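The structure appears below as structure tokens.
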Amino acid sequence: MSKRIVAYVSFSILLVAMTGCGLVTKKYKSQELSEGQQKELYRDYNVADSTTIADVSWQEFFQDEQLKALIQDALTNNYDLQNAILQIGNAENVLKQTKLAYLPSLDFSPSVTYNKTSKGSLNLPANININLQTTTVSLGFSTNWEIEVWGKLTSSKRAAQAAWFRSQAAANAVKTSLIATVADMYYTLLSLDKQLEITEQTIAIREKTVEAMKALMESGSVTGADVVQAESNLYAAKVSIPDLKRSIRELENQLCVLTARPLQPIARGQFENQQFNMELKAGVPAQLLANRPDVIAAEQEFRQAFELTNVAKASFYPTLRLTAGSAGISALTTRTLLDPASIFVNLVGGLTQPIFQRGQLKANHRNAKLNQQQAWNTFEKTLLVAGQEVTDALYANQMAKEKQELRQKQVESLSKAVEFRMALLEYSSNTNYTDVLTSEQSLIAAQLSEVNDKLQEYKSIIALYRALGGGWK
């Protein structure tokens, strides 16, 4: 009868092990964008071509060699990126630990037990002498092995695997952001150099204007007030120099921090020599799932929460454990330890079914489901933000190009206006220096805006490259 019971229990355990995983836990499916989501993600940009600049390496995307050197230093030395890479190691260690959870634990527990029994407690006759002292030597092992039945261990391993993938994606997100930030700062630095150059050229022109005004005053063409106004105009240009130099120095320092360099000047090219020689292609929206590191990280976070929900659900079901409380050799003397009669084994196998856990299992399951929903909301928001950033970058690039065409015409018109005003001031009385001053101020403002318009185009290109997930591959 006992053999039948053992066989029945063994068969039941085997049947549960074969079917339990599929009955309790759910299988994760990778996320895909529906056709409707793809149409909405890029707003007015209906893209059918799967070619995307995200597949272009940053070494090929950027042409300036000095910028490439800065980016390489940042990828090698940046402290935030190094910490993100170290975090991958932490996640990898957790993953290795969950893989080993399938194996039994093994502990070596040698012991020596000394026992002395009181003769009075035995109530023996006075003429009987026995050994009241014993020393037992034991060299034993203990083990505990949880058998995978409901998929709890598998789901734990998959959750750790998702966390590992998420840490890799997070590091790639830092890398993408770092490349874009360095490039953005570099082009901003070049634009400040250009603005400083334009301002210094304006100062040189205004110094000549002051001298010309003094000569005109001596000839009676202008008054002393006009000369003073010309000098005031000169100082107005000069006073902007310190602010430009301060901004340049601060930006150089920021780049040094990003690249983990000592604070020093940054070697760089010239603003007017910069160019991007490739067509800006965004690809199809579905590619964001594979290219954007933050989207990948958000999906892996959801997957981790999904698997942890499986773990919480499987915790309601019985746990099958095989336990060897002790196994080894034990004897009263060390000389008899190697005797086969000294071998002992205590092996226990059984199921543990949770019955009353003060609501802890239910609370864990509810919390896991809530965490899963939060992770899903984060994933959808991350994807929506990704689409917004791509759309904004494309539109910003389009508007920057339109502005540059109009700004060029404005600068040409204002340059002619200044020339005409100066000629009228010198050879005619149909104008005064206030008109010249107004034209000059408008011209320098337009020239500085022209630099900003070009910078806006560069920034939009960098933003698009980052928004599409370029740079980390």
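Residues in the structure tokens are numbered from 1 in each chain, the chains being A, B, ... in the order shown, and ligands are numbered from 1 in the order shown.
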To test your reading of the structure, identify every residue in region 143-233 of chain A that backbone DSSP assigns to strand (DSSP E or B), and report it as number ranges by chain.
A: 143-147
Once DSSP has gone over the backbone, tell me which residues of region 63-291 of chain A are in helix (DSSP H, G or I), as a VMD selection string.
chain A and resid 65 to 77 79 to 102 119 to 121 152 to 218 224 to 238 240 to 258 271 to 273 285 to 291
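Within the 9 Å cut-off around region 248-263 of chain A, using only C-alpha atoms and omitting residues fewer than 5 positions from it on the same chain, the listed residues are Leu70, Ile71, Gln72, Asp73, Ala74, Leu75, Thr76, Asn77, Asn78, Tyr79, Asp80, Leu178, Thr181, Val182, Met185, Tyr186, Thr188, Leu189, Leu190, Leu192, Asp193 and Asp243 of chain A.
Counting only C-alpha atoms and comparing A:Gln97, A:Gln195, A:Phe62, A:Asp226, the residue that lies closest to Thr209 (chain A) is A:Asp226.
For Ser232 (chain A), the residues within 10 Å (counting only C-alpha atoms, excluding itself and residues fewer than 5 positions away along the chain) are Arg206, Val210, Asp226, Val227, Ala237 and Lys238 of chain A.
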Hey, what's within 8 Å of region 459-472 of chain A if we count only C-alpha atoms and toss same-chain stuff fewer than 4 positions away? As a VMD selection string, please?
chain A and resid 52 to 58 172 to 173 175 to 177 179 to 180 183 to 184 187 280 282 288 291 to 293 386 389 to 390 393 to 394 396 to 397 455
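Take CA of Asn93 (chain A) and CA of Val295 (chain A): the distance between them is 23.7 Å.
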Using only C-alpha atoms, determine which residues lie at most 8 Å from Val418 (chain A), disregarding the query and same-chain residues fewer than 5 positions distant; provide the list as a ChimeraX atom specification.
/A:436,439-440,443
